[in-house]
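Chemist: Below is the file target01.csv, with CSV, C-alpha atoms and all ligand atoms.
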```csv
chain,number,residue,atom,x,y,z
H,1,MET,CA,-18.2,2.9,-22.7
H,2,SER,CA,-16.9,-0.6,-23.3
H,3,ARG,CA,-15.8,-2.7,-20.3
H,4,VAL,CA,-12.6,-1.9,-18.5
H,5,SER,CA,-9.9,-4.5,-19.4
H,6,CYS,CA,-6.9,-3.5,-17.2
H,7,ILE,CA,-5.9,-1.2,-14.5
H,8,ALA,CA,-4.8,1.4,-17.0
H,9,ASP,CA,-8.4,1.6,-18.3
H,10,ILE,CA,-9.6,2.2,-14.7
H,11,GLU,CA,-6.9,4.8,-14.1
H,12,LYS,CA,-7.9,6.7,-17.3
H,13,ILE,CA,-11.5,7.0,-16.3
H,14,ALA,CA,-10.6,7.9,-12.8
H,15,LEU,CA,-8.3,10.7,-13.8
H,16,ASP,CA,-11.0,12.2,-16.0
H,17,LYS,CA,-13.6,12.0,-13.2
H,18,LEU,CA,-11.5,13.2,-10.2
H,19,PRO,CA,-11.6,16.8,-9.1
H,20,ARG,CA,-8.2,18.5,-9.6
H,21,ASN,CA,-7.4,18.8,-5.9
H,22,ALA,CA,-7.8,15.0,-5.4
H,23,ARG,CA,-6.2,14.1,-8.7
H,24,ASN,CA,-3.1,16.1,-7.8
H,25,TYR,CA,-2.9,14.6,-4.3
H,26,TYR,CA,-3.4,11.0,-5.5
H,27,THR,CA,-1.1,11.1,-8.6
H,28,SER,CA,1.8,13.1,-7.2
H,29,GLY,CA,5.2,11.8,-6.4
H,30,SER,CA,8.0,13.8,-4.8
H,31,GLN,CA,10.2,16.3,-6.7
H,32,ASP,CA,10.9,15.1,-10.3
H,33,MET,CA,9.0,11.9,-9.8
H,34,ILE,CA,12.0,9.8,-10.9
H,35,THR,CA,11.2,7.1,-8.3
H,36,LEU,CA,7.5,7.2,-9.1
H,37,HIS,CA,8.1,6.4,-12.7
H,38,GLU,CA,10.9,3.9,-11.9
H,39,ASN,CA,8.4,1.9,-9.8
H,40,GLN,CA,6.5,1.0,-13.0
H,41,ASP,CA,9.3,1.1,-15.5
H,42,SER,CA,11.5,-1.3,-13.6
H,43,PHE,CA,8.9,-4.0,-13.9
H,44,ASP,CA,9.1,-3.7,-17.7
H,45,ARG,CA,12.8,-4.4,-17.7
H,46,ILE,CA,12.2,-7.9,-16.2
H,47,GLN,CA,11.1,-10.8,-18.3
H,48,ILE,CA,9.3,-14.0,-17.3
H,49,ARG,CA,10.8,-17.3,-18.4
H,50,PRO,CA,7.9,-19.7,-18.9
H,51,ARG,CA,8.1,-23.4,-18.5
H,52,VAL,CA,5.7,-25.5,-20.5
H,53,LEU,CA,3.8,-28.8,-20.2
H,54,MET,CA,3.3,-28.3,-16.4
H,55,ASP,CA,-0.4,-29.2,-16.1
H,56,VAL,CA,-1.8,-25.8,-15.2
H,57,GLU,CA,-5.4,-26.7,-15.4
H,58,LYS,CA,-5.7,-25.7,-11.8
H,59,VAL,CA,-3.6,-22.9,-10.3
H,60,ASP,CA,-3.5,-22.3,-6.6
H,61,MET,CA,-2.9,-18.6,-5.8
H,62,THR,CA,-3.4,-19.0,-2.0
H,63,VAL,CA,-0.6,-17.6,0.3
H,64,LYS,CA,0.0,-17.9,4.0
H,65,VAL,CA,0.1,-14.6,5.8
H,66,LEU,CA,0.9,-14.3,9.5
H,67,GLY,CA,-0.7,-17.6,10.2
H,68,GLU,CA,-3.8,-17.2,8.0
H,69,THR,CA,-4.5,-18.1,4.4
H,70,ALA,CA,-5.2,-15.4,1.9
H,71,ALA,CA,-6.9,-16.2,-1.4
H,72,SER,CA,-4.3,-14.4,-3.4
H,73,PRO,CA,-1.1,-12.4,-2.8
H,74,ILE,CA,-2.8,-9.1,-4.0
H,75,PHE,CA,-3.4,-6.9,-1.0
H,76,VAL,CA,-4.8,-3.4,-0.4
H,77,ALA,CA,-2.3,-0.8,0.7
H,78,ALA,CA,-3.0,1.9,3.2
H,79,SER,CA,-3.6,5.2,1.6
H,80,ALA,CA,-5.0,8.3,3.2
H,81,LEU,CA,-8.2,10.3,2.5
H,82,GLN,CA,-10.1,7.8,0.3
H,83,LYS,CA,-13.5,9.6,0.5
H,84,MET,CA,-12.0,12.2,-1.9
H,85,ALA,CA,-12.2,9.4,-4.6
H,86,ASP,CA,-15.8,8.3,-3.8
H,87,PRO,CA,-18.1,8.9,-0.8
H,88,ILE,CA,-17.8,5.2,0.2
H,89,GLY,CA,-14.0,5.7,0.7
H,90,GLU,CA,-12.2,3.1,2.8
H,91,ILE,CA,-15.4,1.1,3.3
H,92,GLY,CA,-15.3,0.2,-0.5
H,93,GLY,CA,-11.7,-1.0,-0.1
H,94,ILE,CA,-12.4,-3.2,3.0
H,95,ARG,CA,-15.5,-4.8,1.4
H,96,GLY,CA,-13.5,-5.5,-1.8
H,97,ALA,CA,-10.7,-7.0,0.3
H,98,VAL,CA,-13.0,-9.2,2.4
H,99,ARG,CA,-14.8,-10.5,-0.7
H,100,HIS,CA,-11.4,-11.3,-2.3
H,101,GLY,CA,-10.1,-13.0,0.9
H,102,VAL,CA,-7.1,-10.7,1.1
H,103,VAL,CA,-5.4,-8.3,3.5
H,104,HIS,CA,-6.6,-4.7,3.8
H,105,SER,CA,-4.6,-2.1,5.4
H,106,LEU,CA,-6.1,1.1,6.8
H,107,SER,CA,-4.2,4.4,7.0
H,108,SER,CA,-4.0,6.3,10.3
H,109,ILE,CA,-5.2,9.3,8.2
H,110,SER,CA,-8.4,7.6,6.9
H,111,THR,CA,-11.7,9.2,6.2
H,112,ALA,CA,-13.6,6.3,7.7
H,113,SER,CA,-12.7,5.3,11.2
H,114,ILE,CA,-11.0,2.2,12.5
H,115,GLU,CA,-14.3,1.1,14.0
H,116,GLU,CA,-16.4,1.9,10.9
H,117,VAL,CA,-14.0,-0.2,8.7
H,118,GLY,CA,-14.0,-2.9,11.3
H,119,ASP,CA,-17.8,-3.0,11.4
H,120,ALA,CA,-18.0,-3.2,7.6
H,121,ALA,CA,-15.7,-6.1,7.6
H,122,LYS,CA,-17.5,-8.0,10.4
H,123,ALA,CA,-20.9,-7.4,8.7
H,124,LEU,CA,-19.7,-9.1,5.5
H,125,VAL,CA,-17.3,-11.8,6.6
H,126,GLY,CA,-19.9,-14.4,7.8
H,127,THR,CA,-22.0,-14.1,4.6
H,128,ASP,CA,-19.8,-16.3,2.4
H,129,PRO,CA,-17.3,-19.0,3.5
H,130,SER,CA,-14.6,-17.6,1.2
H,131,PHE,CA,-14.7,-14.1,2.7
H,132,ARG,CA,-11.9,-13.1,5.0
H,133,ASP,CA,-11.5,-10.3,7.5
H,134,MET,CA,-7.7,-9.7,7.4
H,135,ARG,CA,-7.4,-6.1,8.5
H,136,TRP,CA,-4.0,-4.5,9.2
H,137,PHE,CA,-3.6,-1.1,10.7
H,138,GLN,CA,-1.0,1.4,9.3
H,139,LEU,CA,0.4,3.5,12.2
H,140,TYR,CA,2.0,6.9,12.0
H,141,ILE,CA,3.9,7.5,15.2
H,142,TYR,CA,2.7,10.9,16.6
H,143,LYS,CA,4.9,13.0,18.8
H,144,ASP,CA,2.0,12.7,21.2
H,145,ARG,CA,2.4,9.1,22.3
H,146,SER,CA,-1.0,9.0,24.0
H,147,LYS,CA,-2.6,9.7,20.6
H,148,THR,CA,-0.4,6.9,19.0
H,149,LEU,CA,-1.3,4.5,21.8
H,150,ASN,CA,-5.0,5.3,21.3
H,151,LEU,CA,-4.7,4.2,17.7
H,152,ILE,CA,-2.9,1.0,18.6
H,153,GLN,CA,-5.5,0.1,21.2
H,154,ARG,CA,-8.5,0.9,19.0
H,155,ALA,CA,-7.0,-1.1,16.1
H,156,THR,CA,-6.4,-4.1,18.4
H,157,LYS,CA,-9.9,-3.8,19.9
H,158,SER,CA,-11.6,-3.7,16.6
H,159,GLY,CA,-9.9,-6.9,15.4
H,160,CYS,CA,-7.0,-5.8,13.3
H,161,LYS,CA,-4.5,-8.6,12.8
H,162,ALA,CA,-1.3,-6.6,12.5
H,163,ILE,CA,0.2,-3.1,13.0
H,164,ILE,CA,2.3,-1.6,10.2
H,165,VAL,CA,4.6,1.1,11.3
H,166,THR,CA,5.4,3.5,8.4
H,167,VAL,CA,9.1,4.4,8.8
H,168,ASP,CA,9.8,6.4,5.6
H,169,THR,CA,7.9,9.6,6.4
H,170,PRO,CA,9.7,11.6,9.1
H,171,TYR,CA,8.6,14.5,6.9
H,172,LEU,CA,6.3,14.6,4.0
H,173,GLY,CA,8.2,14.4,0.7
H,174,ARG,CA,8.2,17.6,-1.5
H,175,ARG,CA,5.3,17.0,-3.8
H,176,LEU,CA,5.5,19.9,-6.3
H,177,PRO,CA,1.8,20.1,-7.3
H,178,ASP,CA,1.0,20.4,-3.6
H,179,ILE,CA,3.5,23.2,-3.2
H,180,ARG,CA,2.4,25.1,-6.3
H,181,GLU,CA,-1.3,24.7,-5.5
H,182,PRO,CA,-1.7,23.6,-1.9
H,183,PHE,CA,-3.9,20.7,-1.3
H,184,GLU,CA,-7.2,21.5,0.4
H,185,MET,CA,-9.1,19.0,2.5
H,186,PRO,CA,-12.7,19.1,1.3
H,187,ALA,CA,-14.8,20.7,4.0
H,188,HIS,CA,-17.2,17.8,4.4
H,189,LEU,CA,-14.4,15.3,5.2
H,190,SER,CA,-12.5,14.8,8.4
H,191,LEU,CA,-9.7,12.6,9.7
H,192,ALA,CA,-12.1,10.0,11.1
H,193,ASN,CA,-9.7,8.5,13.6
H,194,PHE,CA,-9.5,11.8,15.5
H,195,LYS,CA,-12.5,13.3,17.0
H,196,THR,CA,-10.9,16.3,18.7
H,197,GLY,CA,-11.3,18.6,15.7
H,198,GLU,CA,-7.7,19.6,15.8
H,199,GLU,CA,-6.9,17.4,12.9
H,200,LYS,CA,-9.6,19.0,10.7
H,201,LEU,CA,-7.6,22.0,9.6
H,202,THR,CA,-9.4,24.7,7.8
H,203,ASP,CA,-8.6,26.3,4.4
H,204,ASP,CA,-7.4,29.5,6.1
H,205,GLU,CA,-4.4,27.6,7.4
H,206,ASN,CA,-3.4,26.7,3.9
H,207,THR,CA,-2.5,30.2,2.9
H,208,ASP,CA,-0.2,31.6,5.5
H,209,SER,CA,3.3,30.5,4.3
H,210,GLU,CA,5.4,29.2,1.6
H,211,ASN,CA,4.9,25.4,1.2
H,212,ALA,CA,1.6,26.0,3.0
H,213,SER,CA,-0.1,22.7,2.3
H,214,TRP,CA,-1.9,21.6,5.4
H,215,LEU,CA,-0.7,18.0,4.8
H,216,ALA,CA,3.0,19.0,5.0
H,217,LYS,CA,2.3,21.2,8.0
H,218,TYR,CA,0.3,18.5,9.7
H,219,PHE,CA,3.2,16.1,9.3
H,220,THR,CA,5.8,18.5,10.6
H,221,GLU,CA,3.6,19.5,13.6
H,222,GLU,CA,2.2,16.1,14.5
H,223,ILE,CA,4.4,13.2,13.3
H,224,ASP,CA,7.6,12.3,15.1
H,225,ALA,CA,10.7,12.8,12.9
H,226,SER,CA,13.0,11.5,15.6
H,227,LEU,CA,12.0,7.9,15.4
H,228,THR,CA,14.6,5.1,15.8
H,229,TRP,CA,14.3,1.3,16.3
H,230,ASP,CA,13.6,2.1,19.9
H,231,ASP,CA,10.3,3.5,18.9
H,232,VAL,CA,9.5,0.3,16.9
H,233,ALA,CA,10.3,-1.5,20.2
H,234,TRP,CA,7.9,0.8,22.0
H,235,VAL,CA,5.1,-0.1,19.6
H,236,LYS,CA,5.9,-3.8,20.1
H,237,SER,CA,5.7,-3.3,23.8
H,238,GLN,CA,2.3,-1.8,23.6
H,239,THR,CA,0.6,-4.5,21.6
H,240,THR,CA,0.3,-8.3,21.3
H,241,LEU,CA,-0.2,-7.9,17.5
H,242,PRO,CA,2.5,-8.6,15.0
H,243,VAL,CA,4.4,-5.4,14.1
H,244,LEU,CA,5.7,-4.8,10.6
H,245,VAL,CA,7.7,-1.9,9.3
H,246,LYS,CA,6.8,-0.2,6.0
H,247,GLY,CA,9.3,1.7,3.9
H,248,VAL,CA,12.4,-0.5,3.9
H,249,LEU,CA,14.6,-0.2,0.9
H,250,SER,CA,18.0,-1.6,2.0
H,251,ALA,CA,19.2,-5.0,3.1
H,252,GLU,CA,20.8,-3.4,6.2
H,253,ASP,CA,17.5,-2.1,7.4
H,254,ALA,CA,15.8,-5.3,6.6
H,255,VAL,CA,18.3,-7.2,8.7
H,256,LEU,CA,17.7,-4.7,11.5
H,257,ALA,CA,14.0,-5.3,11.2
H,258,VAL,CA,14.7,-9.1,11.8
H,259,GLN,CA,17.0,-8.3,14.7
H,260,ASN,CA,14.4,-6.0,16.3
H,261,GLY,CA,11.7,-8.6,16.2
H,262,CYS,CA,9.5,-7.3,13.4
H,263,SER,CA,7.0,-9.8,12.0
H,264,GLY,CA,7.6,-8.6,8.5
H,265,ILE,CA,8.7,-5.8,6.3
H,266,ILE,CA,7.1,-3.9,3.5
H,267,VAL,CA,9.6,-2.9,0.8
H,268,SER,CA,8.2,0.4,-0.2
H,269,ASN,CA,9.2,3.9,-1.3
H,270,HIS,CA,5.7,5.2,-0.4
H,271,GLY,CA,4.6,5.1,-4.1
H,272,GLY,CA,7.5,7.5,-5.1
H,273,ARG,CA,6.1,10.2,-2.7
H,274,GLN,CA,9.0,10.4,-0.3
H,275,LEU,CA,12.7,10.4,-1.3
H,276,ASP,CA,13.0,11.0,-5.0
H,277,SER,CA,15.8,9.0,-6.6
H,278,ALA,CA,15.2,6.2,-4.1
H,279,PRO,CA,15.3,2.9,-6.0
H,280,SER,CA,12.2,1.3,-7.4
H,281,THR,CA,10.9,-1.3,-5.0
H,282,ILE,CA,11.3,-4.2,-7.5
H,283,ASP,CA,15.0,-3.3,-7.9
H,284,ALA,CA,15.4,-3.0,-4.1
H,285,LEU,CA,13.7,-6.3,-3.4
H,286,TYR,CA,16.2,-9.1,-4.3
H,287,PRO,CA,19.1,-8.0,-2.2
H,288,ILE,CA,16.7,-7.6,0.7
H,289,ALA,CA,15.2,-11.1,0.2
H,290,LYS,CA,18.7,-12.6,0.1
H,291,ALA,CA,19.7,-10.8,3.4
H,292,VAL,CA,16.4,-11.7,5.2
H,293,ASN,CA,16.7,-15.3,4.0
H,294,LYS,CA,13.1,-16.2,4.8
H,295,ARG,CA,13.4,-15.3,8.5
H,296,ILE,CA,10.4,-13.0,8.2
H,297,PRO,CA,7.9,-12.4,5.4
H,298,ILE,CA,8.6,-9.7,2.9
H,299,TYR,CA,5.8,-7.7,1.2
H,300,LEU,CA,6.3,-5.1,-1.5
H,301,ASP,CA,4.3,-2.2,-2.9
H,302,GLY,CA,5.0,0.4,-5.6
H,303,GLY,CA,4.0,0.4,-9.3
H,304,ILE,CA,2.1,-2.9,-9.3
H,305,ARG,CA,-0.4,-2.5,-12.1
H,306,ARG,CA,-0.6,-6.0,-13.7
H,307,GLY,CA,-0.7,-9.6,-12.8
H,308,THR,CA,2.7,-10.1,-14.4
H,309,ASP,CA,4.1,-7.4,-11.9
H,310,VAL,CA,2.8,-9.5,-9.0
H,311,PHE,CA,4.5,-12.6,-10.5
H,312,LYS,CA,7.8,-10.8,-10.9
H,313,ALA,CA,7.7,-9.5,-7.3
H,314,ILE,CA,7.1,-13.0,-6.0
H,315,ALA,CA,9.8,-14.4,-8.1
H,316,LEU,CA,12.3,-11.9,-6.7
H,317,GLY,CA,11.4,-12.7,-3.1
H,318,ALA,CA,8.1,-11.1,-2.0
H,319,ASP,CA,5.5,-13.1,-0.2
H,320,ALA,CA,2.7,-10.9,-1.4
H,321,ILE,CA,2.2,-7.3,-2.7
H,322,PHE,CA,0.0,-4.3,-2.0
H,323,VAL,CA,-1.7,-2.0,-4.5
H,324,GLY,CA,-2.0,1.7,-3.5
H,325,ARG,CA,-3.2,4.0,-6.3
H,326,PRO,CA,-5.2,1.3,-8.2
H,327,VAL,CA,-7.6,1.2,-5.2
H,328,LEU,CA,-8.0,5.0,-5.4
H,329,TRP,CA,-8.6,4.8,-9.2
H,330,ALA,CA,-11.1,2.0,-8.7
H,331,LEU,CA,-13.0,4.0,-6.1
H,332,ALA,CA,-13.2,7.0,-8.4
H,333,TYR,CA,-14.2,4.8,-11.3
H,334,ASP,CA,-17.1,3.1,-9.6
H,335,GLY,CA,-17.0,3.1,-5.8
H,336,GLU,CA,-17.2,-0.3,-4.1
H,337,ASN,CA,-17.9,-2.0,-7.4
H,338,GLY,CA,-14.8,-0.4,-8.9
H,339,VAL,CA,-12.7,-2.0,-6.2
H,340,ASN,CA,-14.2,-5.4,-6.9
H,341,VAL,CA,-13.6,-5.0,-10.7
H,342,MET,CA,-10.0,-3.8,-10.1
H,343,LEU,CA,-9.2,-6.8,-7.8
H,344,ASP,CA,-10.9,-9.2,-10.2
H,345,ILE,CA,-8.8,-8.0,-13.0
H,346,LEU,CA,-5.5,-8.2,-11.1
H,347,VAL,CA,-6.3,-11.7,-9.7
H,348,GLU,CA,-7.3,-13.0,-13.2
H,349,GLU,CA,-4.1,-11.5,-14.7
H,350,PHE,CA,-2.0,-13.1,-12.0
H,351,ARG,CA,-3.7,-16.4,-12.5
H,352,MET,CA,-3.1,-16.2,-16.2
H,353,ALA,CA,0.6,-15.2,-15.6
H,354,MET,CA,1.1,-18.2,-13.3
H,355,ALA,CA,-0.6,-20.6,-15.8
H,356,LEU,CA,1.3,-19.3,-18.8
H,357,ALA,CA,4.6,-19.4,-17.0
H,358,GLY,CA,3.9,-23.0,-15.9
H,359,CYS,CA,3.4,-22.4,-12.2
H,360,ARG,CA,0.7,-24.4,-10.4
H,361,SER,CA,1.3,-22.8,-7.0
H,362,ILE,CA,3.0,-19.8,-5.4
H,363,LYS,CA,6.0,-21.9,-4.4
H,364,ASP,CA,6.7,-22.7,-8.1
H,365,ILE,CA,7.4,-19.0,-8.7
H,366,ASN,CA,11.1,-18.4,-8.0
H,367,ILE,CA,14.1,-16.6,-9.2
H,368,ASP,CA,14.6,-19.0,-12.1
H,369,ARG,CA,11.4,-17.7,-13.6
H,370,VAL,CA,12.6,-14.2,-14.3
H,371,MET,CA,15.5,-12.6,-16.2
H,372,LYS,CA,16.6,-9.0,-17.1
H,373,SER,CA,15.4,-7.9,-20.4
H,374,SER,CA,18.2,-7.6,-23.0
H,375,LYS,CA,17.0,-4.1,-23.6
H,376,TYR,CA,18.0,-3.3,-20.0
H,377,THR,CA,21.0,-1.0,-19.8
H,378,PRO,CA,21.8,0.1,-16.3
H,379,LYS,CA,22.0,3.8,-16.0
H,380,LEU,CA,25.1,3.8,-13.7
H,401,LIG,C1,-2.7,9.2,-2.1
H,401,LIG,C2,-1.8,8.3,-1.3
H,401,LIG,C3,-1.9,8.4,0.1
H,401,LIG,C4,-1.1,7.5,0.8
H,401,LIG,N1,-1.2,7.5,2.2
H,401,LIG,C5,-0.5,6.7,2.9
H,401,LIG,C6,-0.6,6.6,4.3
H,401,LIG,O1,-1.5,7.3,4.9
H,401,LIG,N2,0.2,5.8,5.0
H,401,LIG,C7,1.2,5.1,4.4
H,401,LIG,O2,1.9,4.4,5.1
H,401,LIG,N3,1.3,5.1,3.1
H,401,LIG,C8,0.5,5.9,2.3
H,401,LIG,N4,0.7,5.9,1.0
H,401,LIG,C9,1.6,4.9,0.3
H,401,LIG,C10,0.9,3.6,0.0
H,401,LIG,O3,0.7,2.9,1.2
H,401,LIG,C11,1.8,2.7,-0.9
H,401,LIG,O4,3.1,2.6,-0.3
H,401,LIG,C12,1.9,3.2,-2.3
H,401,LIG,O5,0.7,3.9,-2.8
H,401,LIG,C13,2.2,2.1,-3.3
H,401,LIG,O6,2.5,2.5,-4.5
H,401,LIG,P1,1.4,2.5,-5.7
H,401,LIG,O7,0.5,3.6,-5.5
H,401,LIG,O8,2.2,2.6,-7.0
H,401,LIG,O9,0.7,1.1,-5.7
H,401,LIG,C14,-0.2,6.7,0.2
H,401,LIG,C15,-0.1,6.7,-1.2
H,401,LIG,C16,-0.9,7.5,-2.0
H,401,LIG,C17,-0.8,7.4,-3.5
H,402,LIG,C1,0.2,12.8,4.0
H,402,LIG,C2,-0.6,11.7,4.6
H,402,LIG,C3,-2.0,12.2,5.0
H,402,LIG,C4,-0.7,10.5,3.8
H,402,LIG,C5,0.5,10.0,3.1
H,402,LIG,O1,1.3,9.2,3.6
H,402,LIG,C6,0.7,10.4,1.7
H,402,LIG,O2,0.0,11.3,1.2
H,402,LIG,O3,1.6,9.9,1.1
```
What would the structure in this file look like if it were written as structure tokens?
Ligand SMILES: Cc1cc2nc3c(=O)[nH]c(=O)nc-3n(C[C@H](O)[C@H](O)[C@H](O)COP(=O)(O)O)c2cc1C
Ligand SMILES: CC(C)CC(=O)C(=O)O
Modeler:
Amino acid sequence: MSRVSCIADIEKIALDKLPRNARNYYTSGSQDMITLHENQDSFDRIQIRPRVLMDVEKVDMTVKVLGETAASPIFVAASALQKMADPIGEIGGIRGAVRHGVVHSLSSISTASIEEVGDAAKALVGTDPSFRDMRWFQLYIYKDRSKTLNLIQRATKSGCKAIIVTVDTPYLGRRLPDIREPFEMPAHLSLANFKTGEEKLTDDENTDSENASWLAKYFTEEIDASLTWDDVAWVKSQTTLPVLVKGVLSAEDAVLAVQNGCSGIIVSNHGGRQLDSAPSTIDALYPIAKAVNKRIPIYLDGGIRRGTDVFKAIALGADAIFVGRPVLWALAYDGENGVNVMLDILVEEFRMAMALAGCRSIKDINIDRVMKSSKYTPKL
């Protein structure tokens, strides 16, 4: 096989290699997957306006993030159950992120524990001056607040730098492949942050009702669907770490995040897996950025597959972006090495986009550098 040249190459190899169960779980969006497709399609409707003769011999991709400096604005999103892609799972992602000097976020529903991921980061970070341990922990708020608090405390103790509260998942979106052919957790894997055994549901429990996926049942049984901003305040009261909310798609909610003392927001539609027909994240971004007016940082995920997508997100107001599925494809493609290759490609594509657009540093990327494609005809 020739070398992979872009994320689409990695995805293609990964989809061929992944077992059906994992492929269905990773690829699916909710319902008709309108939002899933829009996440990527919307990027194609934005054009980049280059400026020339700007001396782009050196391009500085560094970004400030919660008081630290990341080597680039390309961060690793939290996604669950990564050992289904490769036995190294989340450890491959954290090692790639440390090597690339960028933020890594770990899902509550990970297959390597908070402590294992922390140890992997700590073992690597001193070995090269450019390496960074920038771990954030993604928190699902369980009905059982002692379970939730346990996660917050362990994330804090292990050296995570921020807590991301996911707020778009009161219930799991209807993912049709998972309803037609319920997802099964491979027997050798477990939810590593929970040692009680109750989170390791068996196959038997998949079969007893319509919509019998254990994931959907797990969510309904365990995750609190009654959350309000008071619960975000509760998380804040339990930790000294910065607290961000993930899953914001409206300017109103973004302003509420500012008013409720959040340290940042992640503009996200959960990779098109929750509310179908929600806007693509890149379309939702600009009104949010205007309303927030730089009071807190704004991050974005959803559909980022190319360096030019990263550029467009920053131009429209993001401080940095996260990639979700590309990490899973990379793991399936070649484990830890796959993650390094994937991040190398995205960083190089982004460096090239900046240089060819005439931007020497991140602050040069602004709204003047993008325009809607003339082919863009709004559907409304
Ligand atoms: C298989 C899978 C599992 C995910 N698990 C979580 C999770 O545990 N917590 C969470 O907040 N978001 C989760 N997400 C959403 C991602 O954090 C992110 O929002 C999304 O993947 C970004 O879109 P992209 O995949 O197009 O990059 C998951 C996404 C996928 C594809
Ligand atoms: C269902 C969870 C385990 C993870 C999640 O958020 C997702 O699959 O989108």
Chemist: Calculate how many Å separate atom CA of Arg51 of chain H from atom CA of Leu356 of chain H, rounding to one decimal.
Modeler: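 Separation of atom CA of Arg51 of chain H and atom CA of Leu356 of chain H: 7.9 Å.
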Chemist: Could you give me, as a PDB file with C-alpha atoms, keeping the file's coordinate frame, the residues within 7 Å of segment 323-330 of chain H, counting all atoms listed in the file and dropping anything in the same chain fewer than 6 positions from it?
Modeler:
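result-v4.pdb written:
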```pdb
ATOM      1  CA  ILE H   7      -5.900  -1.200 -14.500  1.00  0.00           C
ATOM      2  CA  ILE H  10      -9.600   2.200 -14.700  1.00  0.00           C
ATOM      3  CA  GLU H  11      -6.900   4.800 -14.100  1.00  0.00           C
ATOM      4  CA  ALA H  14     -10.600   7.900 -12.800  1.00  0.00           C
ATOM      5  CA  PHE H  75      -3.400  -6.900  -1.000  1.00  0.00           C
ATOM      6  CA  VAL H  76      -4.800  -3.400  -0.400  1.00  0.00           C
ATOM      7  CA  ALA H  77      -2.300  -0.800   0.700  1.00  0.00           C
ATOM      8  CA  ALA H  78      -3.000   1.900   3.200  1.00  0.00           C
ATOM      9  CA  SER H  79      -3.600   5.200   1.600  1.00  0.00           C
ATOM     10  CA  GLN H  82     -10.100   7.800   0.300  1.00  0.00           C
ATOM     11  CA  ALA H  85     -12.200   9.400  -4.600  1.00  0.00           C
ATOM     12  CA  GLY H  93     -11.700  -1.000  -0.100  1.00  0.00           C
ATOM     13  CA  ASP H 301       4.300  -2.200  -2.900  1.00  0.00           C
ATOM     14  CA  ILE H 304       2.100  -2.900  -9.300  1.00  0.00           C
ATOM     15  CA  GLY H 338     -14.800  -0.400  -8.900  1.00  0.00           C
ATOM     16  CA  VAL H 339     -12.700  -2.000  -6.200  1.00  0.00           C
ATOM     17  CA  MET H 342     -10.000  -3.800 -10.100  1.00  0.00           C
TER      18      MET H 342
END
```
Chemist: Given the choices H:Lys312, H:Lys143, H:Arg351, H:Arg175, which gets closest to ligand LIG 402 (chain H) if the distance is worked out from all atoms listed in the file?
Modeler: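 Closest candidate: H:Arg175.
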Chemist: Grab me every residue within 9 Å of ligand LIG 401 (chain H), counting only C-alpha atoms and all ligand atoms, and send it over as a PyMOL selection string.
Modeler: chain H and resi 22-29+36+39-40+76-82+105-110+138-140+164-169+246-247+266-273+300-305+322-328
Chemist: Filtering to C-alpha atoms, could you give me those residues as a CSV table (one decimal), in the coordinates of the input?
Modeler:
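Written out: part-v5.csv:
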```csv
chain,number,residue,atom,x,y,z
H,22,ALA,CA,-7.8,15.0,-5.4
H,23,ARG,CA,-6.2,14.1,-8.7
H,24,ASN,CA,-3.1,16.1,-7.8
H,25,TYR,CA,-2.9,14.6,-4.3
H,26,TYR,CA,-3.4,11.0,-5.5
H,27,THR,CA,-1.1,11.1,-8.6
H,28,SER,CA,1.8,13.1,-7.2
H,29,GLY,CA,5.2,11.8,-6.4
H,36,LEU,CA,7.5,7.2,-9.1
H,39,ASN,CA,8.4,1.9,-9.8
H,40,GLN,CA,6.5,1.0,-13.0
H,76,VAL,CA,-4.8,-3.4,-0.4
H,77,ALA,CA,-2.3,-0.8,0.7
H,78,ALA,CA,-3.0,1.9,3.2
H,79,SER,CA,-3.6,5.2,1.6
H,80,ALA,CA,-5.0,8.3,3.2
H,81,LEU,CA,-8.2,10.3,2.5
H,82,GLN,CA,-10.1,7.8,0.3
H,105,SER,CA,-4.6,-2.1,5.4
H,106,LEU,CA,-6.1,1.1,6.8
H,107,SER,CA,-4.2,4.4,7.0
H,108,SER,CA,-4.0,6.3,10.3
H,109,ILE,CA,-5.2,9.3,8.2
H,110,SER,CA,-8.4,7.6,6.9
H,138,GLN,CA,-1.0,1.4,9.3
H,139,LEU,CA,0.4,3.5,12.2
H,140,TYR,CA,2.0,6.9,12.0
H,164,ILE,CA,2.3,-1.6,10.2
H,165,VAL,CA,4.6,1.1,11.3
H,166,THR,CA,5.4,3.5,8.4
H,167,VAL,CA,9.1,4.4,8.8
H,168,ASP,CA,9.8,6.4,5.6
H,169,THR,CA,7.9,9.6,6.4
H,246,LYS,CA,6.8,-0.2,6.0
H,247,GLY,CA,9.3,1.7,3.9
H,266,ILE,CA,7.1,-3.9,3.5
H,267,VAL,CA,9.6,-2.9,0.8
H,268,SER,CA,8.2,0.4,-0.2
H,269,ASN,CA,9.2,3.9,-1.3
H,270,HIS,CA,5.7,5.2,-0.4
H,271,GLY,CA,4.6,5.1,-4.1
H,272,GLY,CA,7.5,7.5,-5.1
H,273,ARG,CA,6.1,10.2,-2.7
H,300,LEU,CA,6.3,-5.1,-1.5
H,301,ASP,CA,4.3,-2.2,-2.9
H,302,GLY,CA,5.0,0.4,-5.6
H,303,GLY,CA,4.0,0.4,-9.3
H,304,ILE,CA,2.1,-2.9,-9.3
H,305,ARG,CA,-0.4,-2.5,-12.1
H,322,PHE,CA,0.0,-4.3,-2.0
H,323,VAL,CA,-1.7,-2.0,-4.5
H,324,GLY,CA,-2.0,1.7,-3.5
H,325,ARG,CA,-3.2,4.0,-6.3
H,326,PRO,CA,-5.2,1.3,-8.2
H,327,VAL,CA,-7.6,1.2,-5.2
H,328,LEU,CA,-8.0,5.0,-5.4
```
